[in-house]
Each structure stands twice: as C-alpha cells, then as structure tokens.
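Below: one structure, written as structure tokens.
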Amino acid sequence: MVDLIWLVIALPLAGYLVLQVFGKRIGEPVAGYLASSLVGAGFVIAAVASVDAFSGDLEPTRVFLFTWIPSLGLDAALLWDPLSVMMTLMVTGVGFLIHVYAIGYMHGDPRLGRFFTYLNLFVASMLILVLADSFGVLFVGWELVGLSSYLLISFWFERPSAAAAGKKAFVVNRIGDFGFLIALMLIFSSFGSLAFSTVFEEASDVLSTGMATAITLLLLVGAAGKSAQLPLHVWLPDAMEGPTPVSALIHAATMVTAGVYVVARSAALFELAPISGGVVATVGAVTAIYAATIAVGQRDIKRVLAYSTISQLGYMFLGVGAAAYVAGTFHLLTHAFFKALLFLGAGSVIHAMGGEQDMWKMGGLRHTMPVTFATMTVGWLAISGIPIFSGFWSKDEILATVFERGGWFVVLWAVGIVTAALTAFYMSRLLFLTFFGEGRWEEGIHPHESPAIMTMPLVGLAVLATVGGLVNTPWRPALEHFLEPALHGVEAPHLPEAATQWVLAAVSVGAGLLGILVARRRYQTHALPVETGARWDLLEHGYRVDDVYGSAIVRPGRRAAEALAFTADTKVVDGAVNGVGRLVTLVSGVLKPLQTGFARSYGVGILAGTVGVVAWLLVRGGAI
Amino acid sequence: MTVTPGWYMALAAVLFVIGATGILVRRNALIMFMSIELMLNAVNLTFVAAGRQLGLIEGQLAVLFVVVVAAAEVTVGLAIIVAVFRRRATASVDELSGMKG
C-alpha cells in the first residue's frame, strides 16, 4: 500500500486537471462533490497506508517515482515516515472537511468550478511538499502552494483589494523563497545531494558550525516568509480577502505551517547550529506576542483570526526553535484543528450576516446560530489553553520545554505566558462581541443558521479540537514515540519534573483564565466599551507596519522603477536608438544629392572609378 | 609595315574611348546602347589580339562568352527601352530621372 502513496497526490491533481478543463461545464454542485471526494479518497489511502505507522513498526520508506534531474542526482521520490504520515493525514483530513464546507459556503458563486480547481491544486501541491523525499521536490511543492495561495487569495479578483492582497502575498513569499533557495544551494554545494537521507545522516560529518548556522538561518528566512513570521508577516492579514474556506485551509491549517514543518524536518541541521535554534525561538516568541497585541485591536472577525494565526505560528516556531520538535509539530496539528474550526465558524457567521465582517455589527448570534456557537466555543476553549481541549496540551508542552531550557529561554517562556493571556483575551472578545449581548445588526439582516453541509464539518472539527490533544499527553506521549524515527536521532528535549510541570500548567491555565475573565467583564455588558482613538487605530492597523514598509521599501522601489522607466529607458535607451536613426538621416541628407538621376553622371562616376582602380593597380604593380 | 598586336590594342583603345564618350555625351538611350556595344567589342578585340600574340585559345573563348552575354543583354536592354518609350514617348535618358535622391 505504501507504494501507492503517490495516489494521494495524484487524485487531487487529477481533480485539478479535470476541473481545469471541464470545471465550467461540470458546474455546481458536482464540481464540489468531485473535488471533495478526491481529497477524501486521498485521506482513506493515506490512512490505510499508515496502519503500519500506528502499530509502531513503520520503517521510513522511500517511494521512487522517476529520475528527475540526473545531473543533480535528483529523483522524484516520496518519503513515507511518521512526520509525513502525520502531515498527510492532517492535510487530507482537514482539507476534506473544508472542501465539504466550501460546497455550502461557495454555493451560488458563478466561478465555483474554478474555486474547486484551485483548491484541488493546492491540496496536491501541499502533499508534494509534505511527502517530498528531498529538498528539491519539497521546493516544488513549496512554490506550488505559494502559487495556489496567490490564485485563491485573489479569487474574487473583481475587488481591487483582493487582487492587491494576492499580489502582496506572492511578492512577500518570494522574499522568503529567495532565502530558501540560497539555503538549498548551500546544502547542495556541501553535500552534493538534496536528498533528505543523505543530508541528515551526513550532516554532523560534513557541516561546520558556521555552515550549519548559515543554512539554517536561510531556511528560517524561507520559513518566516511562508509561515508569516516577523518581519515577513504582512501578507497574512491581507490574505483574508480570499474566501473563508481558503483562509481556513491555506492560511490557518496547512500552508502557513509549512515553515514549521521544514524546521522540524531539518531538525538534524538545527541540532548543529545552536544559535539558529535560539534565533528561531526568539523570532517565534516576538511574533507571538506582537501579533497577539494586534489581534486585540481588530474589528474584522477574520482579521482577528489572521493575527491569531500569526501568533500561534509564533508559538510553533518557539517550540521547534527550542528543539521541542515534537511539541512544535504537535501544536501544528492541534492548531490545524481548532483554527480551521474557528475560521469555518467565522465563515458561517459571515455567511449568516450577509457578508458583514465587522464584529461591532454582530452580537447576540448564539440564539440564532446554535451549532456555530457551540462549535466555536470549543475552538475558543482550545485556543485559550483550557485543560482537556487540544490547545492546552500542545501549548503547555511547548512552554514547559522552553522553560526547562533555562537562560534566555525563560524570558521567552514569560513572553509565551503573556501571549497566552492575550490570546484568551482577544478570542473571548471575539466570542462575546459576536455571540453575546444584543444584536447590533444593520437594517435588513436576518441571521440564520448555516446549512448542514457547512455545520457538519464544524462538528467534525470541534470533535478533533476537543480530543485531538490526547494523542500526546505527559502520561502517554504517543506522538513523541511516533515521530521519533523521523527526527534522525535528534535527542528528545527534556521536560521538567512532574511537580514543575503541574506548576507551569497552572500558570499558563491561570493566564488563559485571567484573559477570559478580563474580557468577560469588559465585553459581556450592555454598555460596550468604545474602542476608538489613536491607540486602537494603531492596533487595528497592525502598528502601521504596512505604512513603514510602504515608505521604506515599496515607495523607493517604485520611484526607482519610475526613474528607470521614464528617465533611463526613455532618455538613454530610446535616445540611443533614436540617435542612430537621426544620424543616418543626417548623413543621407548630405549624400543624397549625389544621386542625380542622370545616367550620364553615373557613367562618369563608373569611368572615373575604373580609371582610378586601374591606375592604382598599375602604380602598385610598378608598371608606371 | 607589319601590323603588330600593338596596333590592334591601339585600335581597341580608340574604339573604347569612342564608346565611353558616346555614353557620356549622348542622351538617346538607343545611341548609348550602341556605344556600350562598341565598348564591349573593343574589349573583344583586345582579347583576340592578346590570344593570338600569346598563342592561347582562351582569348577567343572569352570573346565567345562576351558575345553570348552581350546578345542576352541586348535583348533585355532593348525590351526595356521599348517599354520605356511606349510609356513616356521619349528615349532621352535625362528625362528618366526617377532615381534622383
């Protein structure tokens, strides 16, 4: 069965090709059914193929497909090991639920066929990324998810803001990809190969600490671009211009976690570069608290979740940076469940409100949308780190491991705790503003519960968000044992002693509860606070980082381009071309009168020329 | 007085100059054409004379070629002149100055 694992990629890819050609003709709702069932089939195949992995006797298997670039020794091959098993099941499983949801959410959209075309393309690309057996194949997936992300963000391209957001996401990602590509070149020049097996097994013999640091920091640049970490985070909030299922699938659950996946996959390299690990953890912690503070000031329900995603990705970076690779990937998994749930719930709310995304114009929806309310409550508890729910287990494992590292990491741990409180606060704010209080709806809006095809995936994800954390608890670290073979002998990080763990867990849960209580006092009242003024404005615009980038990078760039286009090109290049033309005209003006049109004058010319040539030949020949 | 090849060369030179002068001073296309023929045959004469002098057959050979090419040239040239005359009702080359720059 493992040999057939390429089918997991091939099915959505086939769906993409069929829908690309016939999507318009197939139309609604068959296009949605087709796309969803192909992803679902991929999940079934992956589940069957991973039976060995769960019974604990999976040897990491390499599935050779074809020789791709012989001169680089690069094969198109897939790797079926615990890490790719986990990622594949997550991508196809969550992807399937979101596909089903999208059938309802995108109902009536004139370009529904195209939507599922791109969605299938994305799933296929993401699976190439996570199943790759070498950095080369991984990079193909890496670029393809960037492309499908671009296509889906600007899906409603009639809106200028959506088109601009897609472009922004693409360009910012390219900056990260640039670092990633240089990292790949360094890897190839060091190892002469891009295959994971060669690179990770020989890393400790081949790489010096300096080289390992350079490679891992460049990988971090790529990962920061894809996973929206500082300073390349600016594209993700704007990416909310895309349809909500896209935000849930690409910009919460799967694509943005690719950076975390790459760091975890390259654990053997990060092991050799302690500095890089610290940098990754620091970037993660700073991003986490930075994005959490911005999320507090957002009015748009999807932008709250977008900044929350950036913040949670920061947690994952904090984890993998502190060498807690399992904890980081664990949080990746649970976050995929509860953040996809929250996004789909937000989509359900937006659907009900007729496209309204401003939380201040919602309120009181818990009676009209009971299923959405119940499931979003689960997501809220999970992300706030309330025990039993999945987010608690993964977030606490990260924080405990970080704390145990000591030194600088204790500071990062404190940042993580503050972020946990902020997270609970802004998520409670979202929940209270949306579902509690009185309806502040605009005229003519009649909220209603979404159809079953949208609420069923919500329920499924809510179940996962509740119990998903139980795969790895301090008493039964199943995921830890499961992922061990994928980490190439990297030593598992130390967890603190049991007593310390209890204290740390109490502190982080306390932080979460504090955030919830403060938010409850502030927002579950009849007199809602007024959140306007310069400070709220600053938060709502994300500390105006976009403006800074705009005046520091975009504007000078545009000015340089304009200078090149309208001065260098028109004056210098065009000037040279026109100058040549003018020169020819000038010279020909002088020579033109020679063409008299009289045959006899030409005759004189010929005769004089002949006499001249003959005379010259005679003189040179010495005859005269 | 024996006629040496030098005489032939002198005669050829005289004929050539007459032809060249004709081309330069006359305006009638037909006359100019005849002048060209004169020049060609002046050259032919030098060929034959030189061939005879040096005991080579190539001189006569070259002449045969020139005669053939000249015949072809006359055909085309006369056709052009006739065509021009039909259109413009003149054979004066000075009036055919369409090539003036």
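Just remember, in the structure tokens the first chain shown is A, the second B, etc., residues are 1-based per chain, and ligands are 1-based in the order shown.
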- Task: Find the residues around region 77-91 of chain A up to 8 Å (only C-alpha atoms counted), leave out those fewer than 3 positions away in its own chain, and share them as a PyMOL selection string.
- Result: chain A and resi 2+6+43+46-47+50+53+58-66+94-95+123+126-127+130-134+137+253-254+265+333+336+482-486
- Message: So that I can check the surroundings of region 31-38 of chain B, please list as a list in words every protein, DNA and RNA residue that reaches within 10 Å of it, counting only C-alpha atoms and ignoring chain neighbours fewer than 6 positions away.
- Response: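 What passes the distance filter is Arg600 of chain A; Ala12, Leu15, Phe16, Val17, Ile18, Gly19, Ala20, Thr21, Gly22, Ile23, Leu24, Val25, Asn44, Val67, Ala70, Ala71, Glu73, Val74, Gly77, Leu78, Ile81, Ala91, Ser92 and Val93 of chain B.
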Using the selection just defined, write its residues with C-alpha atoms as a PDB file, in the first residue's frame.
```pdb
ATOM      1  CA  ARG A 600      25.436  60.051 -67.657  1.00  0.00           C
TER       2      ARG A 600
ATOM      3  CA  ALA B  12      40.693  48.795 -79.380  1.00  0.00           C
ATOM      4  CA  LEU B  15      37.021  52.237 -80.123  1.00  0.00           C
ATOM      5  CA  PHE B  16      36.618  52.026 -76.332  1.00  0.00           C
ATOM      6  CA  VAL B  17      37.109  55.736 -75.864  1.00  0.00           C
ATOM      7  CA  ILE B  18      34.632  56.466 -78.651  1.00  0.00           C
ATOM      8  CA  GLY B  19      32.112  54.219 -76.935  1.00  0.00           C
ATOM      9  CA  ALA B  20      32.713  55.736 -73.497  1.00  0.00           C
ATOM     10  CA  THR B  21      32.432  59.236 -74.906  1.00  0.00           C
ATOM     11  CA  GLY B  22      29.205  58.248 -76.609  1.00  0.00           C
ATOM     12  CA  ILE B  23      27.723  57.127 -73.339  1.00  0.00           C
ATOM     13  CA  LEU B  24      28.752  60.286 -71.599  1.00  0.00           C
ATOM     14  CA  VAL B  25      27.627  62.810 -74.192  1.00  0.00           C
ATOM     15  CA  ASN B  44      36.741  41.631 -77.545  1.00  0.00           C
ATOM     16  CA  VAL B  67      29.231  37.769 -77.457  1.00  0.00           C
ATOM     17  CA  ALA B  70      26.032  40.750 -74.952  1.00  0.00           C
ATOM     18  CA  ALA B  71      23.310  39.155 -77.089  1.00  0.00           C
ATOM     19  CA  GLU B  73      21.918  41.886 -72.641  1.00  0.00           C
ATOM     20  CA  VAL B  74      20.791  43.470 -75.866  1.00  0.00           C
ATOM     21  CA  GLY B  77      18.030  46.206 -72.745  1.00  0.00           C
ATOM     22  CA  LEU B  78      16.088  46.789 -75.963  1.00  0.00           C
ATOM     23  CA  ILE B  81      13.972  50.797 -73.913  1.00  0.00           C
ATOM     24  CA  ALA B  91      14.088  57.805 -75.273  1.00  0.00           C
ATOM     25  CA  SER B  92      16.024  60.613 -73.660  1.00  0.00           C
ATOM     26  CA  VAL B  93      17.689  59.341 -70.518  1.00  0.00           C
TER      27      VAL B  93
END
```
- Message: I'd like to know which of A:Thr334, A:Met255, A:Leu269, A:Val234 is closest to Ser208 (chain A), using only C-alpha atoms.
- Response: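 Among A:Thr334, A:Met255, A:Leu269, A:Val234, it is A:Leu269 that comes nearest to Ser208 (chain A).
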- Item | chain A contacts to chain B at 9 Å (only C-alpha atoms) as a list in words |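 Close to chain B, chain A has Leu591, Lys592, Pro593, Leu594, Gln595, Thr596, Gly597, Phe598, Ala599, Arg600, Ser601, Gly603, Val604 and Leu607 of chain A.
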